[in-house]
Amino acid sequence: MSPVSVSAAAPAAASLSAPLPLSAELAQHLRAGLGDGRIIPCLGPGVLADVVSQRDGRALPVTSEAMIIAMNGGRPMAPKLMFEFSRAAMNIELKRGRAAIKRFLDTTYDSDEWARAAAHDWLREIAPPYVIDFNRDRQLLDGYASRRPAPHQVVLGCARLGGTAYRFRLFRYDGEGYVAIEPELADPSLPTLFKPLGAPLPGGVRGVGGVGGVGALRPESSYIASDADFVDYLTELMGGFGVPAFLKRRREQKRYLLLGLRLTRDTERMLLRDICHGAAEGPAGWALLPQASAKERRFCAQLGFSVIDADVGDLMRAAGGVPAAPAG
């Protein structure tokens, strides 16, 4: 069973309409909306499908199965643990401690060995003012840090913290490095990158004193990984403590575009339902889901999303910009 299930709370299935074709007009509408902030992109593992190591050509592990195998030294785990990454991570945490999961994720994602994803280069040129990325890699952050002007904010999801009800950490990039800031100091005018499941911060965070002196950089990362993490994070997310107040205001009456995000698992659906709260109507957004399952189409209908029978590569080709990498 997934950490949190939405099936019991889901309303009666809405009537299903046929998926939309991706016309050139629709593609241009979506691209324009991403650029001016009317449409918020939500990124899933599919945007990283073309990312490989520049050293040995292996694919970046981003799907649940690939992450489990990589975490276990290249070997599958027991069938009941292969069901979902969070379940496998919980098993590793119980045996070797929470730090073992963090080391694996830092080693995997805080590295310069990975080639850039075509989708991230495409988004870098469009520069949406608000992006939600359900992956744990740092390519989105690298892309925005390389822009000029570069200032932006990053929100990292976190779990099982003491002393605070918040389940996020907030950082500002000023063109030279990241610095941690309190939620009340967030600047609503800056581009904001929301990583609900966490990420490593490229280059780390600038300190304000202590060992290394003022301005010294230290590694910084935060992740939602194990079943225990998800239970805590999703509980507080539903209670309103997983999203900063300025993002709650920014998201009102906005529409969303799901890119590379499949909706076959309860965990992803629960995250999306709460993070996209307050969306516009008619439609609330669009989901690029080639050959969408009935389960995915029903969920999209419940949220008011229109399903488009295309993937992110199709959108890039139709809207113009960075071409998708060739298959194979």
# chains A, B, ... in the order shown; residues from 1 in each chain; ligands from 1
>>> select_by_dssp(residues="segment 99-208 of chain A", states="strand (DSSP E or B)", output="JSON, numbers by chain")
{"A": [114, 130, 131, 132, 133, 152, 153, 154, 155, 156, 157, 168, 169, 170, 171, 172, 173, 178, 179, 180, 181, 192, 193, 194, 195, 198, 199, 200, 205, 206, 207, 208]}
>>> residues_around(residues="segment 159-167 of chain A", least_positions_apart="2", cutoff="7 Å", atoms="only C-alpha atoms", output="list of chain:residue names")
A:Gly157, A:Ile224, A:Asp229, A:Asp232, A:Tyr233, A:Glu236, A:Phe241, A:Gly242
>>> select_by_dssp(residues="segment 203-311 of chain A", states="helix (DSSP H, G or I)", output="MDAnalysis selection string")
chainID A and resid 227:238 245:250 266:275 294:303
>>> closest_residue(among="A:Lys195, A:Pro290, A:Pro219, A:Cys42", to="Asp314 of chain A", atoms="only C-alpha atoms")
A:Pro290
>>> residues_around(residues="segment 249-262 of chain A", least_positions_apart="2", cutoff="6 Å", atoms="only C-alpha atoms", output="MDAnalysis selection string")
chainID A and resid 38:47 246:247 264 278:280 284:288 312
>>> closest_residue(among="A:Leu193, A:Met77, A:Cys276, A:Val205", to="Val131 of chain A", atoms="only C-alpha atoms")
A:Leu193
>>> residues_around(residues="Val154 of chain A", least_positions_apart="2", cutoff="6 Å", atoms="only C-alpha atoms", output="count of residues only")
5
>>> closest_residue(among="A:Leu190, A:Ser222, A:His29, A:Gly177", to="Ala99 of chain A", atoms="only C-alpha atoms")
A:Ser222
>>> residues_around(residues="Arg31 of chain A", least_positions_apart="4", cutoff="8 Å", atoms="only C-alpha atoms", output="MDAnalysis selection string")
chainID A and resid 27 35 126 319
>>> write_last_selection(atoms="all heavy atoms", output="compact mmCIF listing (two decimals), in the first residue's frame")
# COMPACT_ATOMS: atom_id res chain seq x y z
N ALA A 27 -0.42 24.17 -28.58
CA ALA A 27 0.97 24.18 -28.13
C ALA A 27 1.47 25.61 -27.91
O ALA A 27 2.14 25.90 -26.91
CB ALA A 27 1.86 23.45 -29.14
N GLY A 35 5.21 31.13 -20.10
CA GLY A 35 6.10 32.28 -20.05
C GLY A 35 5.57 33.44 -19.24
O GLY A 35 6.34 34.14 -18.56
N ILE A 126 12.16 29.66 -21.71
CA ILE A 126 10.84 30.24 -21.44
C ILE A 126 10.83 30.96 -20.10
O ILE A 126 10.18 31.99 -19.93
CB ILE A 126 9.76 29.14 -21.47
CG1 ILE A 126 9.72 28.49 -22.86
CG2 ILE A 126 8.40 29.68 -21.09
CD1 ILE A 126 8.81 27.27 -22.92
N ALA A 319 5.54 23.59 -30.27
CA ALA A 319 5.58 24.98 -29.80
C ALA A 319 6.84 25.70 -30.24
O ALA A 319 6.89 26.93 -30.21
CB ALA A 319 5.48 25.02 -28.27
>>> closest_residue(among="A:Glu296, A:Asp274, A:Glu113, A:Glu65", to="Ala88 of chain A", atoms="only C-alpha atoms")
A:Glu65
>>> closest_residue(among="A:Phe299, A:Tyr173, A:Phe83, A:Tyr130", to="Arg147 of chain A", atoms="only C-alpha atoms")
A:Tyr173
>>> closest_residue(among="A:Lys95, A:Arg206, A:Asp36, A:Asn135", to="Val62 of chain A", atoms="only C-alpha atoms")
A:Asn135
>>> atom_distance(atom1="atom CA of Gly240 of chain A", atom2="atom CA of Leu271 of chain A")
12.4 Å
>>> atom_distance(atom1="atom CA of Phe104 of chain A", atom2="atom CA of Val231 of chain A")
20.9 Å
>>> residues_around(residues="Ala78 of chain A", least_positions_apart="4", cutoff="12 Å", atoms="only C-alpha atoms", output="list in words")
Glu65, Ile68, Ile69, Asn72, Met82, Phe83, Glu84, Arg87, Ala88 and Asn91 of chain A
>>> write_last_selection(atoms="C-alpha atoms", output="mmCIF file, in the first residue's frame")
data_model
loop_
_atom_site.group_PDB
_atom_site.id
_atom_site.type_symbol
_atom_site.label_atom_id
_atom_site.label_comp_id
_atom_site.auth_asym_id
_atom_site.auth_seq_id
_atom_site.Cartn_x
_atom_site.Cartn_y
_atom_site.Cartn_z
ATOM 1 C CA GLU A 65 12.025 1.070 -10.166
ATOM 2 C CA ILE A 68 15.299 1.267 -6.114
ATOM 3 C CA ILE A 69 17.786 -0.698 -8.213
ATOM 4 C CA ASN A 72 20.464 -1.303 -3.890
ATOM 5 C CA MET A 82 9.931 -3.013 -5.674
ATOM 6 C CA PHE A 83 6.349 -1.736 -5.624
ATOM 7 C CA GLU A 84 7.360 1.839 -4.792
ATOM 8 C CA ARG A 87 8.658 1.459 0.551
ATOM 9 C CA ALA A 88 12.166 0.350 -0.431
ATOM 10 C CA ASN A 91 13.375 -0.743 4.406
#
>>> atom_distance(atom1="atom CA of Asp174 of chain A", atom2="atom CA of Val51 of chain A")
27.7 Å
>>> residues_around(residues="Gly37 of chain A", least_positions_apart="4", cutoff="7 Å", atoms="only C-alpha atoms", output="list in words")
Gly33, Pro128, Pro129 and Tyr130 of chain A
